[in-house]
file entry-v3.pdb (PDB, C-alpha atoms and all ligand atoms)
ATOM      1  CA  MET T   1      -3.160  -1.685   4.802  1.00  0.00           C
ATOM      2  CA  SER T   2      -0.148   0.355   3.794  1.00  0.00           C
ATOM      3  CA  THR T   3       2.179  -0.876   1.096  1.00  0.00           C
ATOM      4  CA  ASN T   4       5.767   0.146   0.649  1.00  0.00           C
ATOM      5  CA  THR T   5       8.218  -0.819  -2.039  1.00  0.00           C
ATOM      6  CA  GLY T   6      11.968  -1.079  -2.173  1.00  0.00           C
ATOM      7  CA  SER T   7      14.751  -1.899  -4.548  1.00  0.00           C
ATOM      8  CA  CYS T   8      18.465  -2.392  -4.900  1.00  0.00           C
ATOM      9  CA  LEU T   9      20.736   0.251  -6.375  1.00  0.00           C
ATOM     10  CA  CYS T  10      20.722  -1.076  -9.950  1.00  0.00           C
ATOM     11  CA  GLY T  11      16.978  -1.751  -9.927  1.00  0.00           C
ATOM     12  CA  LYS T  12      17.112  -5.415 -10.947  1.00  0.00           C
ATOM     13  CA  VAL T  13      15.528  -6.459  -7.647  1.00  0.00           C
ATOM     14  CA  GLU T  14      12.300  -4.913  -6.359  1.00  0.00           C
ATOM     15  CA  PHE T  15      10.207  -5.919  -3.383  1.00  0.00           C
ATOM     16  CA  CYS T  16       6.922  -5.037  -1.688  1.00  0.00           C
ATOM     17  CA  VAL T  17       6.120  -4.727   2.000  1.00  0.00           C
ATOM     18  CA  HIS T  18       2.449  -5.068   2.948  1.00  0.00           C
ATOM     19  CA  GLY T  19       1.556  -3.637   6.332  1.00  0.00           C
ATOM     20  CA  GLU T  20       3.482  -2.013   9.137  1.00  0.00           C
ATOM     21  CA  PHE T  21       6.837  -2.951  10.613  1.00  0.00           C
ATOM     22  CA  LEU T  22       6.590  -4.361  14.134  1.00  0.00           C
ATOM     23  CA  TYR T  23       9.837  -2.775  15.298  1.00  0.00           C
ATOM     24  CA  ALA T  24      12.869  -0.992  13.908  1.00  0.00           C
ATOM     25  CA  GLY T  25      16.287   0.038  15.050  1.00  0.00           C
ATOM     26  CA  TYR T  26      19.860   0.896  14.299  1.00  0.00           C
ATOM     27  CA  CYS T  27      22.345  -1.950  14.560  1.00  0.00           C
ATOM     28  CA  HIS T  28      26.060  -1.251  14.965  1.00  0.00           C
ATOM     29  CA  CYS T  29      27.245  -4.872  15.214  1.00  0.00           C
ATOM     30  CA  LYS T  30      30.327  -5.921  13.310  1.00  0.00           C
ATOM     31  CA  MET T  31      28.325  -7.900  10.750  1.00  0.00           C
ATOM     32  CA  CYS T  32      26.140  -4.890   9.934  1.00  0.00           C
ATOM     33  CA  ARG T  33      29.139  -2.588   9.742  1.00  0.00           C
ATOM     34  CA  LYS T  34      31.071  -4.894   7.443  1.00  0.00           C
ATOM     35  CA  SER T  35      28.128  -5.639   5.171  1.00  0.00           C
ATOM     36  CA  SER T  36      27.165  -1.983   4.816  1.00  0.00           C
ATOM     37  CA  GLY T  37      30.613  -0.419   4.857  1.00  0.00           C
ATOM     38  CA  GLY T  38      29.173   2.168   7.223  1.00  0.00           C
ATOM     39  CA  ALA T  39      28.442   2.772  10.889  1.00  0.00           C
ATOM     40  CA  GLY T  40      25.820   0.033  10.864  1.00  0.00           C
ATOM     41  CA  THR T  41      22.367  -0.432   9.423  1.00  0.00           C
ATOM     42  CA  VAL T  42      18.779   0.551  10.056  1.00  0.00           C
ATOM     43  CA  VAL T  43      16.399  -2.367   9.826  1.00  0.00           C
ATOM     44  CA  GLY T  44      12.726  -2.943  10.438  1.00  0.00           C
ATOM     45  CA  GLY T  45      11.155  -6.292  11.287  1.00  0.00           C
ATOM     46  CA  ILE T  46       7.999  -7.635   9.668  1.00  0.00           C
ATOM     47  CA  GLN T  47       6.466 -11.098   9.295  1.00  0.00           C
ATOM     48  CA  SER T  48       8.087 -12.803   6.307  1.00  0.00           C
ATOM     49  CA  GLU T  49       4.735 -13.471   4.595  1.00  0.00           C
ATOM     50  CA  LYS T  50       4.120  -9.710   4.445  1.00  0.00           C
ATOM     51  CA  MET T  51       7.133  -9.177   2.213  1.00  0.00           C
ATOM     52  CA  SER T  52       7.327 -10.336  -1.390  1.00  0.00           C
ATOM     53  CA  ILE T  53       9.790 -10.050  -4.240  1.00  0.00           C
ATOM     54  CA  SER T  54       8.095  -8.276  -7.127  1.00  0.00           C
ATOM     55  CA  LYS T  55      10.998  -8.372  -9.562  1.00  0.00           C
ATOM     56  CA  GLY T  56      14.354 -10.052 -10.022  1.00  0.00           C
ATOM     57  CA  ASP T  57      14.120 -13.013  -7.642  1.00  0.00           C
ATOM     58  CA  GLU T  58      16.821 -14.692  -9.734  1.00  0.00           C
ATOM     59  CA  HIS T  59      19.275 -11.865  -8.952  1.00  0.00           C
ATOM     60  CA  ILE T  60      19.048 -12.316  -5.178  1.00  0.00           C
ATOM     61  CA  LYS T  61      22.064 -13.923  -3.543  1.00  0.00           C
ATOM     62  CA  ARG T  62      22.000 -15.268  -0.027  1.00  0.00           C
ATOM     63  CA  PHE T  63      24.773 -15.273   2.543  1.00  0.00           C
ATOM     64  CA  HIS T  64      24.375 -17.232   5.774  1.00  0.00           C
ATOM     65  CA  ARG T  65      25.927 -14.651   8.043  1.00  0.00           C
ATOM     66  CA  SER T  66      24.998 -16.269  11.346  1.00  0.00           C
ATOM     67  CA  LYS T  67      23.027 -19.188  12.746  1.00  0.00           C
ATOM     68  CA  GLY T  68      19.706 -17.356  12.636  1.00  0.00           C
ATOM     69  CA  THR T  69      20.181 -14.890   9.821  1.00  0.00           C
ATOM     70  CA  THR T  70      20.597 -15.073   6.056  1.00  0.00           C
ATOM     71  CA  SER T  71      21.522 -11.814   4.353  1.00  0.00           C
ATOM     72  CA  CYS T  72      19.903 -11.243   0.961  1.00  0.00           C
ATOM     73  CA  PHE T  73      21.489  -8.928  -1.559  1.00  0.00           C
ATOM     74  CA  CYS T  74      21.490  -8.136  -5.261  1.00  0.00           C
ATOM     75  CA  SER T  75      24.122 -10.221  -7.058  1.00  0.00           C
ATOM     76  CA  HIS T  76      24.431  -7.533  -9.723  1.00  0.00           C
ATOM     77  CA  CYS T  77      25.024  -4.324  -7.710  1.00  0.00           C
ATOM     78  CA  GLY T  78      25.694  -5.751  -4.232  1.00  0.00           C
ATOM     79  CA  SER T  79      22.983  -3.807  -2.384  1.00  0.00           C
ATOM     80  CA  MET T  80      22.023  -5.413   0.906  1.00  0.00           C
ATOM     81  CA  LEU T  81      18.237  -5.638   0.946  1.00  0.00           C
ATOM     82  CA  TYR T  82      17.025  -7.729   3.873  1.00  0.00           C
ATOM     83  CA  GLY T  83      17.845 -10.487   6.285  1.00  0.00           C
ATOM     84  CA  GLU T  84      15.800 -13.669   6.603  1.00  0.00           C
ATOM     85  CA  LYS T  85      15.153 -14.897  10.159  1.00  0.00           C
ATOM     86  CA  PRO T  86      13.376 -18.195   9.518  1.00  0.00           C
ATOM     87  CA  SER T  87      13.300 -19.286  13.168  1.00  0.00           C
ATOM     88  CA  MET T  88      11.393 -16.093  14.023  1.00  0.00           C
ATOM     89  CA  GLY T  89       9.262 -16.104  10.842  1.00  0.00           C
ATOM     90  CA  MET T  90      10.497 -12.580  10.225  1.00  0.00           C
ATOM     91  CA  VAL T  91      12.448 -10.572   7.716  1.00  0.00           C
ATOM     92  CA  HIS T  92      14.567  -7.589   8.698  1.00  0.00           C
ATOM     93  CA  ILE T  93      14.367  -5.081   5.893  1.00  0.00           C
ATOM     94  CA  ARG T  94      17.096  -2.491   5.451  1.00  0.00           C
ATOM     95  CA  PHE T  95      15.320   0.826   5.586  1.00  0.00           C
ATOM     96  CA  GLY T  96      17.779   2.361   3.118  1.00  0.00           C
ATOM     97  CA  ALA T  97      16.381   0.063   0.410  1.00  0.00           C
ATOM     98  CA  LEU T  98      12.810   1.352   0.879  1.00  0.00           C
ATOM     99  CA  ASN T  99      11.366   3.860  -1.571  1.00  0.00           C
ATOM    100  CA  LYS T 100       9.411   5.802   1.047  1.00  0.00           C
ATOM    101  CA  SER T 101       9.709   6.291   4.774  1.00  0.00           C
ATOM    102  CA  PRO T 102       7.881   3.698   6.846  1.00  0.00           C
ATOM    103  CA  LYS T 103       5.543   4.707   9.674  1.00  0.00           C
ATOM    104  CA  GLN T 104       7.653   2.792  12.171  1.00  0.00           C
ATOM    105  CA  MET T 105      10.670   4.953  12.984  1.00  0.00           C
ATOM    106  CA  PRO T 106      13.835   3.455  14.512  1.00  0.00           C
ATOM    107  CA  GLN T 107      13.300   2.927  18.256  1.00  0.00           C
ATOM    108  CA  ALA T 108      16.787   2.233  19.578  1.00  0.00           C
ATOM    109  CA  HIS T 109      20.465   1.646  18.879  1.00  0.00           C
ATOM    110  CA  MET T 110      21.674  -1.944  19.272  1.00  0.00           C
ATOM    111  CA  HIS T 111      25.161  -3.400  19.640  1.00  0.00           C
ATOM    112  CA  VAL T 112      26.492   0.008  20.599  1.00  0.00           C
ATOM    113  CA  SER T 113      29.500  -1.771  22.166  1.00  0.00           C
ATOM    114  CA  SER T 114      30.618  -2.542  18.579  1.00  0.00           C
ATOM    115  CA  LYS T 115      30.030   0.985  17.312  1.00  0.00           C
ATOM    116  CA  PRO T 116      33.068   2.551  15.630  1.00  0.00           C
ATOM    117  CA  ASP T 117      34.760   5.486  17.390  1.00  0.00           C
ATOM    118  CA  TRP T 118      34.341   7.667  14.328  1.00  0.00           C
ATOM    119  CA  TYR T 119      30.555   7.605  14.621  1.00  0.00           C
ATOM    120  CA  ASP T 120      28.727   9.501  17.385  1.00  0.00           C
ATOM    121  CA  ILE T 121      25.099   8.814  18.210  1.00  0.00           C
ATOM    122  CA  LEU T 122      23.511  12.247  18.472  1.00  0.00           C
ATOM    123  CA  ASP T 123      19.845  11.357  18.927  1.00  0.00           C
ATOM    124  CA  SER T 124      18.069  10.576  22.176  1.00  0.00           C
ATOM    125  CA  LEU T 125      16.951   7.023  21.380  1.00  0.00           C
ATOM    126  CA  PRO T 126      17.755   4.313  23.942  1.00  0.00           C
ATOM    127  CA  GLN T 127      21.127   2.605  23.455  1.00  0.00           C
ATOM    128  CA  PHE T 128      21.862  -1.052  24.195  1.00  0.00           C
ATOM    129  CA  ALA T 129      25.357  -2.489  24.444  1.00  0.00           C
ATOM    130  CA  GLU T 130      24.163  -5.619  22.656  1.00  0.00           C
ATOM    131  CA  PHE T 131      20.596  -6.841  22.077  1.00  0.00           C
ATOM    132  CA  PRO T 132      17.725  -4.965  23.697  1.00  0.00           C
ATOM    133  CA  PRO T 133      16.156  -6.902  26.596  1.00  0.00           C
ATOM    134  CA  GLN T 134      13.618  -9.485  25.380  1.00  0.00           C
ATOM    135  CA  LYS T 135       9.994  -8.597  26.039  1.00  0.00           C
TER     136      LYS T 135
HETATM  137 ZN    ZN R 201      20.951  -4.498  -7.943  1.00  0.00          ZN
HETATM  138 ZN    ZN R 202      23.802  -5.901  13.254  1.00  0.00          ZN
END
call {"tool": "encode", "arguments": {"input": "entry-v3.pdb", "output": "structure tokens"}}
result
Amino acid sequence: MSTNTGSCLCGKVEFCVHGEFLYAGYCHCKMCRKSSGGAGTVVGGIQSEKMSISKGDEHIKRFHRSKGTTSCFCSHCGSMLYGEKPSMGMVHIRFGALNKSPKQMPQAHMHVSSKPDWYDILDSLPQFAEFPPQK
């Protein structure tokens, strides 16, 4: 089973991901834009039990950003690390926090209707105005 690691910018928080992501994508929703200060985020989903905090649990702050999602970030440097989705039993890990590229590449762009005008999508991945259709 593959293992990946990640950390925040200052290095006080480190985490491990055991196994492969089930899906991944770009999200351009307002919450992702505001929390990243960029055009959105790239996240990958994995079962929450496959992710563990290896260092600095006490530095993690949680922000309940919506009904189903709690954003987790380093209270020292402010890096957004992952979102907890307890009702799905999943965590959505921000790919930018990972130390090496995961096998699962981003598959689509979500919430493109909220994408800022100053950012053009130049790849050929599928684009969804909001959420992708549920399987
Ligand atoms: Zn930090
Ligand atoms: Zn989003």
call {"tool": "closest_atom_pairs", "arguments": {"input": "entry-v3.pdb", "of": "chain T", "to": "ligand ZN 202 (chain R)", "cutoff": "8 Å", "atoms": "all atoms listed in the file", "output": "Markdown table"}}
result
| residue | atom | partner | partner_atom | distance |
| --- | --- | --- | --- | --- |
| T:Tyr26 | CA | R:ZN202 | ZN | 7.9 |
| T:Cys27 | CA | R:ZN202 | ZN | 4.4 |
| T:His28 | CA | R:ZN202 | ZN | 5.4 |
| T:Cys29 | CA | R:ZN202 | ZN | 4.1 |
| T:Lys30 | CA | R:ZN202 | ZN | 6.5 |
| T:Met31 | CA | R:ZN202 | ZN | 5.5 |
| T:Cys32 | CA | R:ZN202 | ZN | 4.2 |
| T:Arg33 | CA | R:ZN202 | ZN | 7.2 |
| T:Gly40 | CA | R:ZN202 | ZN | 6.7 |
| T:Thr41 | CA | R:ZN202 | ZN | 6.8 |
| T:Met110 | CA | R:ZN202 | ZN | 7.5 |
| T:His111 | CA | R:ZN202 | ZN | 7.0 |
call {"tool": "atom_distance", "arguments": {"input": "entry-v3.pdb", "atom1": "CA of Glu49 in chain T", "atom2": "CA of Lys34 in chain T"}}
result
27.8 Å
call {"tool": "closest_atom_pairs", "arguments": {"input": "entry-v3.pdb", "of": "chain T", "to": "ligand ZN 201 (chain R)", "cutoff": "8 Å", "atoms": "only C-alpha atoms and all ligand atoms", "output": "Markdown table"}}
result
| residue | atom | partner | partner_atom | distance |
| --- | --- | --- | --- | --- |
| T:Ser7 | CA | R:ZN201 | ZN | 7.5 |
| T:Cys8 | CA | R:ZN201 | ZN | 4.5 |
| T:Leu9 | CA | R:ZN201 | ZN | 5.0 |
| T:Cys10 | CA | R:ZN201 | ZN | 4.0 |
| T:Gly11 | CA | R:ZN201 | ZN | 5.2 |
| T:Lys12 | CA | R:ZN201 | ZN | 5.0 |
| T:Val13 | CA | R:ZN201 | ZN | 5.8 |
| T:His59 | CA | R:ZN201 | ZN | 7.6 |
| T:Phe73 | CA | R:ZN201 | ZN | 7.8 |
| T:Cys74 | CA | R:ZN201 | ZN | 4.6 |
| T:Ser75 | CA | R:ZN201 | ZN | 6.6 |
| T:His76 | CA | R:ZN201 | ZN | 4.9 |
| T:Cys77 | CA | R:ZN201 | ZN | 4.1 |
| T:Gly78 | CA | R:ZN201 | ZN | 6.2 |
| T:Ser79 | CA | R:ZN201 | ZN | 6.0 |
call {"tool": "atom_distance", "arguments": {"input": "entry-v3.pdb", "atom1": "CA of Lys103 in chain T", "atom2": "CA of Thr5 in chain T"}}
result
13.2 Å
call {"tool": "atom_distance", "arguments": {"input": "entry-v3.pdb", "atom1": "CA of Ser36 in chain T", "atom2": "CA of Met80 in chain T"}}
result
7.3 Å
call {"tool": "residues_around", "arguments": {"input": "entry-v3.pdb", "residues": "Ser87 in chain T", "least_positions_apart": "3", "cutoff": "12 Å", "atoms": "all atoms listed in the file", "output": "number ranges by chain"}}
result
T: 47-48, 67-70, 84, 90-91
call {"tool": "closest_residue", "arguments": {"input": "entry-v3.pdb", "among": "T:Pro106, T:Pro116, T:Pro132, T:Pro126", "to": "Leu22 in chain T", "atoms": "only C-alpha atoms"}}
result
T:Pro106
call {"tool": "closest_residue", "arguments": {"input": "entry-v3.pdb", "among": "T:Phe128, T:Tyr119, T:Phe21, T:Phe63", "to": "Arg94 in chain T", "atoms": "only C-alpha atoms"}}
result
T:Phe21
call {"tool": "resolve_selection", "arguments": {"input": "entry-v3.pdb", "expression": "the PyMOL selection byres (((chain T and resi 92) around 6) and not hetatm)", "output": "list of chain:residue names"}}
result
T:Val43, T:Gly44, T:Gly45, T:Tyr82, T:Gly83, T:Val91, T:Ile93
call {"tool": "closest_residue", "arguments": {"input": "entry-v3.pdb", "among": "T:Glu130, T:Glu20, T:Glu58, T:Asp117", "to": "Gln104 in chain T", "atoms": "all atoms listed in the file"}}
result
T:Glu20
call {"tool": "axis_aligned_box", "arguments": {"input": "entry-v3.pdb", "around": "range 65-82 of chain T", "padding_each_side": "6 Å", "output": "lines of an AutoDock Vina configuration file"}}
result
center_x = 21.5
center_y = -11.5
center_z = 1.5
size_x = 20.9
size_y = 27.4
size_z = 34.5
call {"tool": "closest_residue", "arguments": {"input": "entry-v3.pdb", "among": "T:Gly19, T:Gly25, T:Pro102, T:Gly38", "to": "Ser52 in chain T", "atoms": "all atoms listed in the file"}}
result
T:Gly19
call {"tool": "residues_around", "arguments": {"input": "entry-v3.pdb", "residues": "Lys100 in chain T", "least_positions_apart": "2", "cutoff": "10 Å", "atoms": "only C-alpha atoms", "output": "PyMOL selection string"}}
result
chain T and resi 3-6+95-98+102-103
call {"tool": "closest_residue", "arguments": {"input": "entry-v3.pdb", "among": "T:Ser54, T:His64, T:Tyr23, T:Ser101", "to": "Ser2 in chain T", "atoms": "all atoms listed in the file"}}
result
T:Ser101
call {"tool": "closest_residue", "arguments": {"input": "entry-v3.pdb", "among": "T:His18, T:Met51, T:Met105, T:Ala39", "to": "Ile121 in chain T", "atoms": "all atoms listed in the file"}}
result
T:Ala39
call {"tool": "decode", "arguments": {"input": "entry-v3.pdb", "residues": "range 32-134 of chain T", "atoms": "C-alpha atoms", "output": "PDB file, in the first residue's frame"}}
result
ATOM      1  CA  CYS T  32     -12.368  27.199  -1.540  1.00  0.00           C
ATOM      2  CA  ARG T  33     -11.396  30.471  -3.175  1.00  0.00           C
ATOM      3  CA  LYS T  34     -11.676  32.446   0.044  1.00  0.00           C
ATOM      4  CA  SER T  35      -9.862  29.880   2.166  1.00  0.00           C
ATOM      5  CA  SER T  36      -6.998  29.507  -0.301  1.00  0.00           C
ATOM      6  CA  GLY T  37      -6.777  33.074  -1.550  1.00  0.00           C
ATOM      7  CA  GLY T  38      -6.472  31.606  -5.030  1.00  0.00           C
ATOM      8  CA  ALA T  39      -8.563  30.326  -7.917  1.00  0.00           C
ATOM      9  CA  GLY T  40      -9.749  27.398  -5.818  1.00  0.00           C
ATOM     10  CA  THR T  41      -8.238  24.226  -4.451  1.00  0.00           C
ATOM     11  CA  VAL T  42      -7.248  20.752  -5.544  1.00  0.00           C
ATOM     12  CA  VAL T  43      -8.458  18.073  -3.179  1.00  0.00           C
ATOM     13  CA  GLY T  44      -8.454  14.306  -3.098  1.00  0.00           C
ATOM     14  CA  GLY T  45     -10.906  12.163  -1.147  1.00  0.00           C
ATOM     15  CA  ILE T  46      -9.907   9.191   0.987  1.00  0.00           C
ATOM     16  CA  GLN T  47     -11.560   7.289   3.838  1.00  0.00           C
ATOM     17  CA  SER T  48     -10.879   9.165   7.076  1.00  0.00           C
ATOM     18  CA  GLU T  49      -9.327   6.110   8.773  1.00  0.00           C
ATOM     19  CA  LYS T  50      -6.621   6.055   6.085  1.00  0.00           C
ATOM     20  CA  MET T  51      -5.335   9.461   7.129  1.00  0.00           C
ATOM     21  CA  SER T  52      -3.534  10.130  10.395  1.00  0.00           C
ATOM     22  CA  ILE T  53      -1.839  13.076  12.045  1.00  0.00           C
ATOM     23  CA  SER T  54       1.787  12.182  12.683  1.00  0.00           C
ATOM     24  CA  LYS T  55       2.834  15.430  14.332  1.00  0.00           C
ATOM     25  CA  GLY T  56       1.315  18.551  15.832  1.00  0.00           C
ATOM     26  CA  ASP T  57      -2.288  17.493  16.448  1.00  0.00           C
ATOM     27  CA  GLU T  58      -2.480  20.266  19.049  1.00  0.00           C
ATOM     28  CA  HIS T  59      -1.745  22.907  16.383  1.00  0.00           C
ATOM     29  CA  ILE T  60      -4.717  21.953  14.201  1.00  0.00           C
ATOM     30  CA  LYS T  61      -7.625  24.380  14.253  1.00  0.00           C
ATOM     31  CA  ARG T  62     -11.031  23.509  12.905  1.00  0.00           C
ATOM     32  CA  PHE T  63     -13.512  25.753  11.145  1.00  0.00           C
ATOM     33  CA  HIS T  64     -17.038  24.522  10.451  1.00  0.00           C
ATOM     34  CA  ARG T  65     -17.338  25.985   6.989  1.00  0.00           C
ATOM     35  CA  SER T  66     -20.575  24.271   6.001  1.00  0.00           C
ATOM     36  CA  LYS T  67     -23.053  21.700   7.270  1.00  0.00           C
ATOM     37  CA  GLY T  68     -21.032  18.736   6.038  1.00  0.00           C
ATOM     38  CA  THR T  69     -17.491  20.038   6.075  1.00  0.00           C
ATOM     39  CA  THR T  70     -14.984  21.088   8.719  1.00  0.00           C
ATOM     40  CA  SER T  71     -11.829  22.739   7.417  1.00  0.00           C
ATOM     41  CA  CYS T  72      -8.642  21.843   9.286  1.00  0.00           C
ATOM     42  CA  PHE T  73      -5.663  24.154   9.221  1.00  0.00           C
ATOM     43  CA  CYS T  74      -2.470  24.922  11.105  1.00  0.00           C
ATOM     44  CA  SER T  75      -3.124  27.520  13.812  1.00  0.00           C
ATOM     45  CA  HIS T  76       0.489  28.664  13.588  1.00  0.00           C
ATOM     46  CA  CYS T  77       1.001  29.325   9.846  1.00  0.00           C
ATOM     47  CA  GLY T  78      -2.596  29.163   8.572  1.00  0.00           C
ATOM     48  CA  SER T  79      -2.052  26.461   5.938  1.00  0.00           C
ATOM     49  CA  MET T  80      -5.264  24.720   4.950  1.00  0.00           C
ATOM     50  CA  LEU T  81      -4.593  20.993   5.155  1.00  0.00           C
ATOM     51  CA  TYR T  82      -7.804  19.004   4.776  1.00  0.00           C
ATOM     52  CA  GLY T  83     -11.533  18.996   5.202  1.00  0.00           C
ATOM     53  CA  GLU T  84     -13.386  16.509   7.391  1.00  0.00           C
ATOM     54  CA  LYS T  85     -16.614  15.078   5.940  1.00  0.00           C
ATOM     55  CA  PRO T  86     -17.910  13.007   8.852  1.00  0.00           C
ATOM     56  CA  SER T  87     -21.244  12.134   7.226  1.00  0.00           C
ATOM     57  CA  MET T  88     -19.346  10.562   4.312  1.00  0.00           C
ATOM     58  CA  GLY T  89     -16.577   9.050   6.482  1.00  0.00           C
ATOM     59  CA  MET T  90     -14.104  10.847   4.251  1.00  0.00           C
ATOM     60  CA  VAL T  91     -11.414  13.470   4.401  1.00  0.00           C
ATOM     61  CA  HIS T  92     -10.648  15.771   1.489  1.00  0.00           C
ATOM     62  CA  ILE T  93      -6.936  16.418   1.501  1.00  0.00           C
ATOM     63  CA  ARG T  94      -5.534  19.512  -0.176  1.00  0.00           C
ATOM     64  CA  PHE T  95      -3.064  18.214  -2.704  1.00  0.00           C
ATOM     65  CA  GLY T  96      -0.828  21.260  -2.239  1.00  0.00           C
ATOM     66  CA  ALA T  97      -0.061  20.062   1.304  1.00  0.00           C
ATOM     67  CA  LEU T  98       1.243  16.677   0.092  1.00  0.00           C
ATOM     68  CA  ASN T  99       4.977  16.050  -0.112  1.00  0.00           C
ATOM     69  CA  LYS T 100       4.794  13.946  -3.273  1.00  0.00           C
ATOM     70  CA  SER T 101       2.354  13.641  -6.132  1.00  0.00           C
ATOM     71  CA  PRO T 102      -0.430  11.135  -5.556  1.00  0.00           C
ATOM     72  CA  LYS T 103      -1.290   8.493  -8.156  1.00  0.00           C
ATOM     73  CA  GLN T 104      -4.819   9.842  -8.436  1.00  0.00           C
ATOM     74  CA  MET T 105      -4.669  12.935 -10.637  1.00  0.00           C
ATOM     75  CA  PRO T 106      -7.462  15.541 -10.597  1.00  0.00           C
ATOM     76  CA  GLN T 107     -10.393  14.283 -12.698  1.00  0.00           C
ATOM     77  CA  ALA T 108     -12.582  17.350 -13.123  1.00  0.00           C
ATOM     78  CA  HIS T 109     -13.285  20.978 -12.282  1.00  0.00           C
ATOM     79  CA  MET T 110     -16.188  21.593  -9.894  1.00  0.00           C
ATOM     80  CA  HIS T 111     -18.187  24.725  -9.116  1.00  0.00           C
ATOM     81  CA  VAL T 112     -16.950  26.320 -12.315  1.00  0.00           C
ATOM     82  CA  SER T 113     -19.919  28.728 -12.088  1.00  0.00           C
ATOM     83  CA  SER T 114     -18.082  30.348  -9.138  1.00  0.00           C
ATOM     84  CA  LYS T 115     -14.728  30.486 -10.905  1.00  0.00           C
ATOM     85  CA  PRO T 116     -13.169  33.960 -10.998  1.00  0.00           C
ATOM     86  CA  ASP T 117     -12.901  35.700 -14.386  1.00  0.00           C
ATOM     87  CA  TRP T 118      -9.168  36.135 -13.955  1.00  0.00           C
ATOM     88  CA  TYR T 119      -8.572  32.386 -14.041  1.00  0.00           C
ATOM     89  CA  ASP T 120      -8.919  30.374 -17.267  1.00  0.00           C
ATOM     90  CA  ILE T 121      -9.152  26.597 -17.245  1.00  0.00           C
ATOM     91  CA  LEU T 122      -6.741  25.475 -19.947  1.00  0.00           C
ATOM     92  CA  ASP T 123      -6.830  21.700 -19.528  1.00  0.00           C
ATOM     93  CA  SER T 124      -9.291  19.284 -21.087  1.00  0.00           C
ATOM     94  CA  LEU T 125     -10.789  17.848 -17.893  1.00  0.00           C
ATOM     95  CA  PRO T 126     -14.592  17.804 -17.602  1.00  0.00           C
ATOM     96  CA  GLN T 127     -16.113  20.942 -16.064  1.00  0.00           C
ATOM     97  CA  PHE T 128     -19.204  21.023 -13.850  1.00  0.00           C
ATOM     98  CA  ALA T 129     -21.107  24.188 -13.007  1.00  0.00           C
ATOM     99  CA  GLU T 130     -21.594  22.911  -9.463  1.00  0.00           C
ATOM    100  CA  PHE T 131     -21.176  19.370  -8.107  1.00  0.00           C
ATOM    101  CA  PRO T 132     -20.477  16.543 -10.536  1.00  0.00           C
ATOM    102  CA  PRO T 133     -23.486  14.233 -11.006  1.00  0.00           C
ATOM    103  CA  GLN T 134     -23.729  11.621  -8.229  1.00  0.00           C
TER     104      GLN T 134
END
